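The next block is input.txt, given as compact mmCIF, C-alpha atoms.
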# COMPACT_ATOMS: atom_id res chain seq x y z
CA MET A 1 0.00 0.00 0.00
CA THR A 2 1.31 3.43 -0.82
CA PHE A 3 0.67 6.54 1.14
CA ASP A 4 0.91 8.82 -1.91
CA GLY A 5 -0.57 12.24 -1.50
CA ALA A 6 -1.49 11.66 2.12
CA SER A 7 -1.64 14.89 4.06
CA PHE A 8 -3.56 16.02 7.08
CA GLU A 9 -4.62 19.47 8.10
CA ALA A 10 -6.63 20.76 11.05
CA ARG A 11 -7.97 24.28 10.85
CA GLU A 12 -9.03 26.33 13.87
CA ILE A 13 -10.30 23.49 16.01
CA ASN A 14 -12.38 24.49 19.01
CA ALA A 15 -13.56 21.88 21.45
CA TRP A 16 -15.28 21.87 24.82
CA ARG A 17 -15.30 19.29 27.57
CA GLY A 18 -18.30 19.95 29.76
CA ASP A 19 -18.15 23.70 30.42
CA ARG A 20 -14.40 24.01 29.80
CA HIS A 21 -13.21 25.47 26.53
CA ILE A 22 -10.17 23.22 26.10
CA LEU A 23 -8.99 23.68 22.52
CA ARG A 24 -8.95 27.25 21.26
CA ASP A 25 -8.32 27.74 17.55
CA VAL A 26 -5.79 24.92 17.24
CA SER A 27 -4.43 24.65 13.71
CA PHE A 28 -1.70 22.39 12.37
CA SER A 29 -0.81 20.34 9.35
CA VAL A 30 1.19 17.17 8.82
CA SER A 31 2.82 16.19 5.54
CA PRO A 32 4.11 12.80 4.41
CA GLY A 33 7.31 11.89 6.22
CA GLU A 34 6.53 14.07 9.22
CA PHE A 35 6.05 13.21 12.86
CA LEU A 36 4.10 15.76 14.86
CA LYS A 37 4.65 15.60 18.60
CA ILE A 38 2.05 17.28 20.76
CA THR A 39 3.33 18.37 24.14
CA GLY A 40 1.92 20.27 27.07
CA PRO A 41 1.06 19.79 30.75
CA ASN A 42 -1.56 17.33 32.01
CA GLY A 43 -5.13 18.34 31.31
CA VAL A 44 -4.23 20.77 28.55
CA GLY A 45 -6.21 18.82 25.98
CA LYS A 46 -3.74 16.56 24.18
CA THR A 47 -6.01 13.53 24.32
CA THR A 48 -9.02 15.68 23.44
CA LEU A 49 -7.20 16.98 20.38
CA LEU A 50 -6.24 13.46 19.25
CA ARG A 51 -9.81 12.25 19.73
CA VAL A 52 -11.11 15.18 17.70
CA VAL A 53 -8.59 14.35 14.95
CA CYS A 54 -9.84 10.73 14.91
CA GLY A 55 -13.43 11.83 14.84
CA LEU A 56 -14.27 10.11 18.13
CA LEU A 57 -15.12 13.50 19.59
CA PRO A 58 -16.90 16.15 17.55
CA ALA A 59 -15.22 19.55 17.36
CA GLU A 60 -17.37 22.56 18.17
CA THR A 61 -15.99 24.43 15.17
CA GLY A 62 -13.13 23.83 12.78
CA GLU A 63 -12.33 21.70 9.77
CA LEU A 64 -10.30 18.54 9.31
CA HIS A 65 -8.83 17.85 5.88
CA TRP A 66 -7.38 14.57 4.66
CA ARG A 67 -5.73 14.39 1.26
CA GLY A 68 -6.91 17.95 0.66
CA LYS A 69 -10.59 17.15 1.21
CA SER A 70 -12.79 17.73 4.24
CA ILE A 71 -13.36 14.43 6.05
CA ARG A 72 -17.00 15.30 6.71
CA GLY A 73 -18.09 13.63 3.49
CA GLY A 74 -16.00 10.45 3.69
CA ARG A 75 -15.56 9.43 7.29
CA ASP A 76 -15.18 5.72 6.49
CA GLU A 77 -12.47 6.34 3.85
CA PHE A 78 -10.54 8.49 6.32
CA ASN A 79 -10.94 5.90 9.08
CA ALA A 80 -9.67 3.16 6.76
CA GLU A 81 -6.35 5.02 6.51
CA LEU A 82 -6.18 5.91 10.18
CA GLY A 83 -4.48 3.91 12.91
CA TYR A 84 -5.34 4.95 16.45
CA LEU A 85 -3.52 3.84 19.58
CA GLY A 86 -5.34 5.33 22.55
CA HIS A 87 -4.80 5.17 26.30
CA LEU A 88 -6.61 1.84 26.25
CA ASN A 89 -4.95 -1.11 24.58
CA SER A 90 -8.26 -2.48 23.21
CA LEU A 91 -7.34 -6.04 24.12
CA LYS A 92 -9.58 -8.90 25.23
CA ALA A 93 -8.09 -10.54 28.31
CA ASP A 94 -9.61 -13.95 27.47
CA LEU A 95 -8.18 -14.11 23.95
CA THR A 96 -4.59 -15.00 23.13
CA ALA A 97 -2.26 -12.42 21.63
CA ARG A 98 -2.69 -13.98 18.18
CA GLU A 99 -6.47 -14.07 18.48
CA ASN A 100 -6.56 -10.45 19.60
CA LEU A 101 -4.76 -9.44 16.42
CA LYS A 102 -6.80 -11.74 14.22
CA PHE A 103 -10.15 -10.48 15.49
CA LEU A 104 -9.37 -6.77 15.70
CA ALA A 105 -6.70 -5.97 13.12
CA GLY A 106 -8.39 -8.51 10.82
CA LEU A 107 -11.35 -6.15 10.56
CA ARG A 108 -9.21 -3.77 8.55
CA GLN A 109 -6.85 -5.99 6.55
CA SER A 110 -7.04 -9.61 5.51
CA LEU A 111 -4.29 -11.17 7.61
CA THR A 112 -2.31 -14.33 7.15
CA ALA A 113 -0.89 -16.25 10.11
CA ALA A 114 2.57 -15.44 8.77
CA ALA A 115 1.86 -11.71 8.79
CA ILE A 116 0.66 -11.91 12.40
CA ASP A 117 3.76 -13.84 13.46
CA ALA A 118 6.08 -11.44 11.65
CA THR A 119 4.46 -8.48 13.41
CA LEU A 120 4.56 -10.17 16.83
CA ASP A 121 8.25 -10.81 16.20
CA ARG A 122 8.80 -7.20 15.24
CA VAL A 123 7.37 -5.92 18.53
CA GLY A 124 9.29 -8.60 20.42
CA ILE A 125 6.50 -10.79 21.85
CA LEU A 126 6.44 -13.69 19.38
CA SER A 127 7.08 -16.19 22.18
CA ARG A 128 3.96 -14.89 23.98
CA GLY A 129 1.70 -15.35 20.95
CA ASP A 130 -0.44 -18.14 22.38
CA LEU A 131 -0.80 -16.77 25.89
CA PRO A 132 -4.07 -15.11 26.86
CA ALA A 133 -3.69 -11.35 26.97
CA ARG A 134 -4.50 -11.35 30.69
CA SER A 135 -1.20 -13.05 31.47
CA LEU A 136 0.91 -10.51 29.59
CA SER A 137 2.68 -7.76 31.51
CA ALA A 138 1.56 -4.13 31.08
CA GLY A 139 4.46 -3.46 28.74
CA GLN A 140 3.78 -6.58 26.68
CA LYS A 141 0.14 -5.53 26.33
CA ARG A 142 1.30 -2.17 25.00
CA ARG A 143 3.54 -3.99 22.52
CA LEU A 144 0.58 -6.08 21.42
CA ALA A 145 -1.42 -2.89 20.86
CA LEU A 146 1.49 -1.60 18.76
CA ALA A 147 1.35 -4.81 16.72
CA ARG A 148 -2.31 -4.11 16.02
CA LEU A 149 -1.42 -0.62 14.85
CA LEU A 150 1.25 -2.01 12.51
CA LEU A 151 -1.13 -4.57 11.01
CA ALA A 152 -3.70 -1.86 10.26
CA ASP A 153 -1.34 -0.65 7.52
CA ALA A 154 -2.63 2.89 8.03
CA ALA A 155 -1.15 6.02 6.48
CA LEU A 156 -1.86 8.26 9.48
CA TRP A 157 -0.89 7.13 12.95
CA ILE A 158 -2.47 8.79 15.96
CA LEU A 159 -0.68 7.78 19.14
CA ASP A 160 -1.78 8.80 22.60
CA GLU A 161 1.14 8.37 25.01
CA PRO A 162 2.55 5.44 23.00
CA VAL A 163 5.41 4.67 25.39
CA THR A 164 3.30 4.24 28.55
CA ASN A 165 4.49 1.17 30.50
CA LEU A 166 7.32 0.47 28.08
CA ASP A 167 10.92 -0.21 29.12
CA THR A 168 13.93 1.46 27.49
CA ALA A 169 14.00 -1.13 24.72
CA GLY A 170 10.27 -0.60 24.20
CA ILE A 171 10.70 3.16 23.85
CA GLN A 172 13.43 2.55 21.28
CA LEU A 173 11.07 0.18 19.49
CA VAL A 174 8.36 2.85 19.28
CA GLU A 175 10.92 5.35 17.97
CA THR A 176 12.09 2.88 15.32
CA LEU A 177 8.52 2.08 14.28
CA ILE A 178 7.65 5.76 13.91
CA VAL A 179 10.83 6.53 11.95
CA ASP A 180 10.23 3.56 9.64
CA HIS A 181 6.63 4.61 9.14
CA VAL A 182 7.37 8.21 8.19
CA ARG A 183 10.29 7.09 6.02
CA GLN A 184 7.79 5.19 3.89
CA GLY A 185 5.81 8.39 3.44
CA GLY A 186 3.48 7.84 6.37
CA LEU A 187 2.30 10.46 8.85
CA ALA A 188 2.33 10.25 12.61
CA ILE A 189 0.85 12.39 15.35
CA ALA A 190 1.64 11.59 18.97
CA ALA A 191 0.97 13.09 22.36
CA ALA A 192 3.86 12.41 24.70
CA HIS A 193 5.34 13.61 27.97
CA GLN A 194 8.51 11.60 27.73
CA ARG A 195 11.42 12.03 25.41
CA LEU A 196 10.39 10.62 22.07
CA LEU A 197 12.46 11.18 18.93
CA ASP A 198 13.49 14.58 20.27
CA ASP A 199 16.42 14.95 17.86
CA ALA A 200 14.94 13.25 14.80
CA PRO A 201 14.85 15.31 11.60
CA CYS A 202 11.26 14.27 10.91
CA LEU A 203 10.04 15.81 14.18
CA ARG A 204 7.74 18.81 14.39
CA ARG A 205 6.31 20.07 17.63
CA LEU A 206 2.98 21.45 18.66
CA GLU A 207 2.92 22.93 22.13
CA LEU A 208 -0.49 23.23 23.69
CA GLU A 209 -0.77 25.94 26.33
CA PRO A 210 -3.37 26.14 29.05
CA MET B 1 -2.49 -6.81 2.23
CA THR B 2 -6.03 -6.12 1.12
CA ARG B 3 -8.99 -4.47 2.81
CA THR B 4 -11.28 -6.87 4.63
CA PRO B 5 -14.74 -7.12 3.04
CA THR B 6 -17.61 -6.08 5.32
CA THR B 7 -19.12 -9.56 5.44
CA GLU B 8 -15.77 -10.99 6.56
CA ALA B 9 -15.47 -8.26 9.21
CA ALA B 10 -18.95 -9.11 10.52
CA ARG B 11 -18.04 -12.81 10.57
CA LEU B 12 -14.89 -12.07 12.59
CA VAL B 13 -16.89 -10.14 15.18
CA PHE B 14 -19.42 -12.97 15.39
CA VAL B 15 -16.75 -15.67 15.77
CA ARG B 16 -14.89 -13.56 18.32
CA ASP B 17 -17.98 -13.19 20.51
CA VAL B 18 -18.78 -16.90 20.35
CA THR B 19 -15.13 -17.71 21.22
CA LEU B 20 -15.22 -15.32 24.17
CA ALA B 21 -18.53 -16.74 25.37
CA TRP B 22 -17.13 -20.26 25.21
CA ARG B 23 -14.41 -19.19 27.64
CA ARG B 24 -16.98 -17.49 29.89
CA TRP B 25 -19.77 -20.03 29.59
CA ASP B 26 -21.15 -19.37 33.10
CA GLU B 27 -22.25 -15.87 32.08
CA VAL B 28 -23.92 -17.21 28.97
CA ALA B 29 -25.74 -19.99 30.80
CA GLN B 30 -27.26 -17.61 33.34
CA PRO B 31 -30.35 -16.54 31.30
CA LEU B 32 -31.14 -20.14 30.40
CA ILE B 33 -30.93 -21.28 34.03
CA PHE B 34 -33.13 -18.35 35.08
CA TYR B 35 -35.65 -19.30 32.39
CA VAL B 36 -35.88 -22.93 33.49
CA VAL B 37 -36.03 -22.08 37.19
CA VAL B 38 -38.77 -19.45 36.84
CA THR B 39 -41.02 -21.62 34.69
CA THR B 40 -40.53 -24.58 37.04
CA MET B 41 -41.64 -22.48 40.00
CA PHE B 42 -45.07 -21.68 38.61
CA PRO B 43 -46.61 -25.15 39.10
CA LEU B 44 -45.15 -25.23 42.61
CA ALA B 45 -46.59 -21.87 43.55
CA THR B 46 -49.99 -22.19 41.88
CA THR B 47 -51.38 -25.64 41.13
CA PRO B 48 -50.06 -28.93 39.79
CA ASP B 49 -53.30 -29.35 37.84
CA LEU B 50 -52.22 -29.43 34.19
CA SER B 51 -55.53 -28.28 32.76
CA ALA B 52 -55.39 -25.17 34.94
CA LEU B 53 -51.72 -24.54 34.15
CA ARG B 54 -52.44 -24.91 30.46
CA GLN B 55 -54.54 -21.73 30.59
CA ILE B 56 -51.56 -19.60 31.64
CA GLY B 57 -48.74 -21.75 30.22
CA GLY B 58 -48.12 -19.78 27.02
CA GLY B 59 -48.06 -16.49 28.88
CA VAL B 60 -45.69 -17.77 31.57
CA VAL B 61 -43.21 -19.12 29.03
CA TRP B 62 -43.29 -15.82 27.17
CA VAL B 63 -42.83 -13.62 30.25
CA ALA B 64 -39.97 -15.81 31.48
CA ALA B 65 -38.28 -15.74 28.06
CA LEU B 66 -38.60 -11.96 27.87
CA LEU B 67 -37.13 -11.36 31.32
CA SER B 68 -34.30 -13.84 30.92
CA SER B 69 -33.16 -12.41 27.61
CA LEU B 70 -33.19 -8.99 29.24
CA LEU B 71 -30.80 -10.30 31.91
CA ALA B 72 -27.84 -10.62 29.61
CA LEU B 73 -28.46 -7.49 27.59
CA GLU B 74 -26.92 -4.93 29.89
CA ALA B 75 -23.43 -6.32 29.42
CA LEU B 76 -23.81 -6.54 25.64
CA PHE B 77 -21.53 -3.63 24.73
CA ARG B 78 -20.11 -2.68 28.14
CA ALA B 79 -16.91 -4.72 28.09
CA ASP B 80 -16.02 -3.62 24.58
CA VAL B 81 -16.55 0.04 25.39
CA GLU B 82 -14.56 -0.17 28.62
CA ASP B 83 -11.49 -1.87 27.15
CA GLY B 84 -11.37 0.36 24.08
CA THR B 85 -12.36 -2.26 21.51
CA MET B 86 -15.40 -0.19 20.56
CA GLU B 87 -13.22 2.81 19.67
CA GLN B 88 -11.27 0.60 17.29
CA TRP B 89 -14.50 -0.67 15.74
CA VAL B 90 -15.79 2.87 15.27
CA LEU B 91 -12.49 3.77 13.57
CA SER B 92 -12.12 0.54 11.61
CA GLY B 93 -13.48 2.01 8.39
CA GLN B 94 -16.12 -0.74 8.36
CA PRO B 95 -19.82 0.18 8.62
CA LEU B 96 -20.43 0.23 12.38
CA GLY B 97 -24.04 -0.93 11.99
CA TRP B 98 -22.87 -4.25 10.50
CA ILE B 99 -20.35 -4.83 13.27
CA LEU B 100 -22.95 -4.18 15.95
CA LEU B 101 -25.51 -6.34 14.17
CA ALA B 102 -22.98 -9.19 14.09
CA LYS B 103 -22.47 -8.72 17.81
CA VAL B 104 -26.22 -8.79 18.44
CA ALA B 105 -26.53 -11.90 16.26
CA ALA B 106 -23.86 -13.66 18.34
CA HIS B 107 -25.65 -12.57 21.49
CA TRP B 108 -28.91 -13.97 20.19
CA VAL B 109 -27.36 -17.32 19.22
CA LEU B 110 -25.84 -17.59 22.69
CA THR B 111 -28.79 -16.43 24.81
CA GLY B 112 -31.96 -16.28 22.70
CA LEU B 113 -31.68 -19.49 20.70
CA PRO B 114 -31.18 -21.74 23.78
CA LEU B 115 -34.44 -20.34 25.20
CA VAL B 116 -36.27 -21.20 21.98
CA ILE B 117 -34.84 -24.73 21.94
CA MET B 118 -35.67 -25.26 25.61
CA SER B 119 -39.22 -23.91 25.31
CA PRO B 120 -40.99 -27.21 24.39
CA ILE B 121 -39.54 -28.82 27.52
CA VAL B 122 -40.54 -26.04 29.90
CA GLY B 123 -43.85 -25.76 28.02
CA THR B 124 -44.58 -29.42 28.66
CA GLY B 125 -43.97 -28.81 32.34
CA LEU B 126 -46.75 -26.24 32.17
CA GLY B 127 -49.14 -28.57 30.42
CA LEU B 128 -48.77 -27.21 26.89
CA PRO B 129 -49.72 -29.92 24.36
CA VAL B 130 -47.34 -31.05 21.59
CA SER B 131 -49.63 -29.38 19.04
CA VAL B 132 -48.54 -25.89 20.18
CA TRP B 133 -44.77 -26.57 20.23
CA GLY B 134 -44.33 -25.32 16.70
CA VAL B 135 -46.17 -22.06 17.27
CA LEU B 136 -44.50 -21.52 20.64
CA MET B 137 -41.03 -21.96 19.17
CA LEU B 138 -41.73 -19.85 16.09
CA SER B 139 -43.20 -17.01 18.13
CA LEU B 140 -40.25 -17.10 20.55
CA LEU B 141 -37.80 -17.25 17.64
CA LEU B 142 -39.20 -14.00 16.27
CA GLY B 143 -39.71 -12.49 19.73
CA THR B 144 -36.23 -13.14 21.12
CA GLY B 145 -34.70 -11.98 17.84
CA THR B 146 -36.58 -8.69 18.03
CA LEU B 147 -35.72 -8.31 21.69
CA SER B 148 -32.01 -8.78 20.99
CA VAL B 149 -32.07 -5.93 18.48
CA LEU B 150 -34.25 -3.66 20.66
CA GLY B 151 -32.06 -4.49 23.64
CA GLY B 152 -29.02 -3.71 21.52
CA ILE B 153 -30.36 -0.21 20.91
CA GLY B 154 -31.08 0.18 24.63
CA ALA B 155 -27.66 -1.16 25.62
CA ALA B 156 -25.95 1.16 23.13
CA LEU B 157 -27.81 4.14 24.59
CA THR B 158 -27.10 3.27 28.22
CA VAL B 159 -23.54 1.95 27.93
CA GLY B 160 -22.08 5.32 28.91
CA VAL B 161 -24.41 5.64 31.88
CA ARG B 162 -23.45 4.46 35.33
CA ARG B 163 -25.91 1.88 36.64
CA GLY B 164 -27.60 1.79 33.27
CA SER B 165 -29.35 -1.53 33.89
CA VAL B 166 -32.46 0.01 35.48
CA LEU B 167 -32.66 2.52 32.67
CA LEU B 168 -32.24 -0.26 30.12
CA SER B 169 -35.23 -2.20 31.49
CA LEU B 170 -37.34 0.95 31.53
CA LEU B 171 -36.39 1.65 27.92
CA VAL B 172 -36.77 -1.81 26.48
CA LEU B 173 -39.64 -3.46 28.38
CA PRO B 174 -42.38 -1.06 27.16
CA LEU B 175 -41.19 -1.62 23.58
CA ALA B 176 -41.33 -5.37 24.15
CA MET B 177 -44.99 -5.34 25.23
CA PRO B 178 -46.47 -5.76 21.72
CA MET B 179 -44.32 -8.87 21.22
CA LEU B 180 -45.47 -10.29 24.54
CA ILE B 181 -49.12 -9.72 23.62
CA PHE B 182 -48.90 -11.12 20.08
CA GLY B 183 -46.64 -13.99 21.10
CA SER B 184 -48.76 -15.33 23.94
CA ARG B 185 -51.90 -14.69 21.88
CA ALA B 186 -50.52 -16.85 19.05
CA VAL B 187 -49.91 -19.71 21.48
CA SER B 188 -53.37 -19.51 23.03
CA MET B 189 -55.08 -19.27 19.61
CA GLN B 190 -53.27 -22.39 18.49
CA MET B 191 -54.36 -24.15 21.67
CA ASP B 192 -58.00 -23.13 21.09
CA GLY B 193 -57.85 -24.50 17.57
CA ASP B 194 -57.80 -21.12 15.79
CA SER B 195 -55.22 -20.15 13.18
CA PRO B 196 -52.35 -18.21 14.82
CA ALA B 197 -51.27 -16.69 11.49
CA GLY B 198 -52.37 -13.14 12.36
CA PRO B 199 -50.27 -12.56 15.52
CA LEU B 200 -47.33 -14.48 14.01
CA GLN B 201 -47.30 -12.25 10.96
CA LEU B 202 -47.37 -9.18 13.18
CA LEU B 203 -44.43 -10.60 15.16
CA ALA B 204 -42.55 -11.18 11.92
CA ALA B 205 -43.29 -7.62 10.79
CA ILE B 206 -41.94 -6.20 14.05
CA PHE B 207 -38.86 -8.42 13.74
CA PHE B 208 -38.00 -7.25 10.25
CA MET B 209 -38.58 -3.63 11.16
CA ALA B 210 -36.20 -3.98 14.12
CA LEU B 211 -33.67 -5.81 11.96
CA SER B 212 -33.63 -3.13 9.28
CA LEU B 213 -33.72 0.01 11.45
CA GLY B 214 -31.92 -1.34 14.53
CA PRO B 215 -28.33 -1.17 13.18
CA ILE B 216 -28.77 2.50 12.25
CA ALA B 217 -30.04 3.36 15.73
CA MET B 218 -27.36 1.28 17.45
CA SER B 219 -24.46 2.81 15.56
CA ALA B 220 -25.76 6.34 16.18
CA ALA B 221 -26.09 5.58 19.90
CA ILE B 222 -22.62 4.00 20.13
CA ARG B 223 -21.00 6.98 18.43
CA ILE B 224 -22.46 9.18 21.16
CA SER B 225 -21.38 6.75 23.87
CA VAL B 226 -17.70 6.63 22.81
CA GLU B 227 -17.40 10.42 22.87
CA ASN B 228 -16.47 10.36 26.54

Any chance you could put this one into structure tokens?
Amino acid sequence: MTFDGASFEAREINAWRGDRHILRDVSFSVSPGEFLKITGPNGVGKTTLLRVVCGLLPAETGELHWRGKSIRGGRDEFNAELGYLGHLNSLKADLTARENLKFLAGLRQSLTAAAIDATLDRVGILSRGDLPARSLSAGQKRRLALARLLLADAALWILDEPVTNLDTAGIQLVETLIVDHVRQGGLAIAAAHQRLLDDAPCLRRLELEP
Amino acid sequence: MTRTPTTEAARLVFVRDVTLAWRRWDEVAQPLIFYVVVTTMFPLATTPDLSALRQIGGGVVWVAALLSSLLALEALFRADVEDGTMEQWVLSGQPLGWILLAKVAAHWVLTGLPLVIMSPIVGTGLGLPVSVWGVLMLSLLLGTGTLSVLGGIGAALTVGVRRGSVLLSLLVLPLAMPMLIFGSRAVSMQMDGDSPAGPLQLLAAIFFMALSLGPIAMSAAIRISVEN
């Protein structure tokens, strides 16, 4: 799959949570090969912004454009190219790691067993493939969620605190995955507190202020 | 890699839910046990006289079936919303209505269908003759199917609400009343030797209306519920 012509732009997003006006006229754009890192203190609206970008939360005003067109008309086409990794890992505790991938990532792409194994290997939990997700550690669950993101084969990655619970090797893994993704012409947007690709040439920053 | 067709996506959701239920069979068996226990209690509490029980038998089976399928409904979407699976479904690029309908279908196969299959046995315990088995099962087939879809709409609306189970019953039970009336009427008409075609056709009409409009309502309700 190619990510040709993929570009994302948000124009003057305003969003409210309850009676708090959290996002005020937030605008940004991401081009192919770019990684946008959203920073800011807790409660400033990073997660809200990412959920608005995904379309999980409606913006009060503002426009989202994907490939130069407003996503209002074609939500399903936009979603098909979008990979979202939220706070929650979206795993079923009673299913094995392989089954979790088969049943959730399989909704987006037709998967072969070999593709699942290759991805599990890439995130470093191939030996845990047949264990139920409940017996994985918090970091291994996060890695499994990353495997799901990889299998989605999406052009635009939206990552909410991707390195939560990960060890040093895990953080390096996330950095490698993001760099590989943008090198292929993909786009990535992440909210992060920790150091994440701080010196990479593909990095752009968006600082949210309270 | 190629995009998954919608039918394959719906099949995956269905198989996933059946697999999960297999590993949590105690939760799935609960409505069926409730159904058998409640219907067995009626002869004990009223009269063991079969000819007297026969008068209320159809109604008792129907009320018990309705309440037991309601038991399992509250949890229909809850787990998937809480662990974030629902967000991924909403963002999967697949039509959400199909995914939710597949989930409801799995729920019906696991909780509604066993009630239908068990109904001749519990009906016999209440003095229902073999001649009404067919009508009883057909009416329950349509009734539990409709209730699964209606309950799906209710569960989608209340999934974001704390202690939504009371609200769910209040929402769904009034809507289920027509099915209860037509369903038990069909059974008693068959027992009296009349043709039960009229109430059965009405049940079928309600079922197909729920089946066609339900997915739209469910996906709209779920989109609101995942906003939080």

Identify, on the basis of all atoms listed in the file, every residue whose closest approach to region 186-202 of chain B does not exceed 6 Å; exclude the query and any residue fewer than 3 positions from it along the same chain; express the result as an MDAnalysis selection string.
chainID B and resid 58 136 182:183 205

Do me a favour and pick out the residues of chain A within 7 Å of chain B, using only C-alpha atoms, as a PyMOL selection string.
chain A and resi 56-57+76-77+79-80+88-91+94+103+107-110

Near Ile38 (chain A), within 12 Å and counting all atoms listed in the file, which residues show up once chain neighbours fewer than 2 positions away are dropped, as a PyMOL selection string?
chain A and resi 26+28+30+35-36+40-42+44-50+158-161+188-196+198+203-209

Between CA of Met137 (chain B) and CA of Leu203 (chain B), what distance in Å does the model show, to one decimal?
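Computing the Euclidean distance for CA of Met137 (chain B) and CA of Leu203 (chain B) yields 12.5 Å.
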
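Here CA of Asp167 (chain A) is placed at a distance of 26.2 Å from CA of Leu82 (chain A).
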
With 4 Å on each side, where is the centre of the axis-aligned box around all listed atoms of region 162-166 of chain B, and how long are its edges in Å to one decimal, as JSON?
{"center_x": -28.0, "center_y": 1.5, "center_z": 35.0, "size_x": 17.0, "size_y": 14.0, "size_z": 11.4}

Residue among A:Asp19, A:Glu34, A:Glu99, A:Asp25 lying closest to Ile178 (chain A), counting all atoms listed in the file
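For Ile178 (chain A), the nearest of the candidates is A:Glu34.
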
Report, in Å to a single decimal, how far apart CA of Val132 (chain B) and CA of Arg54 (chain B) are.
11.0 Å
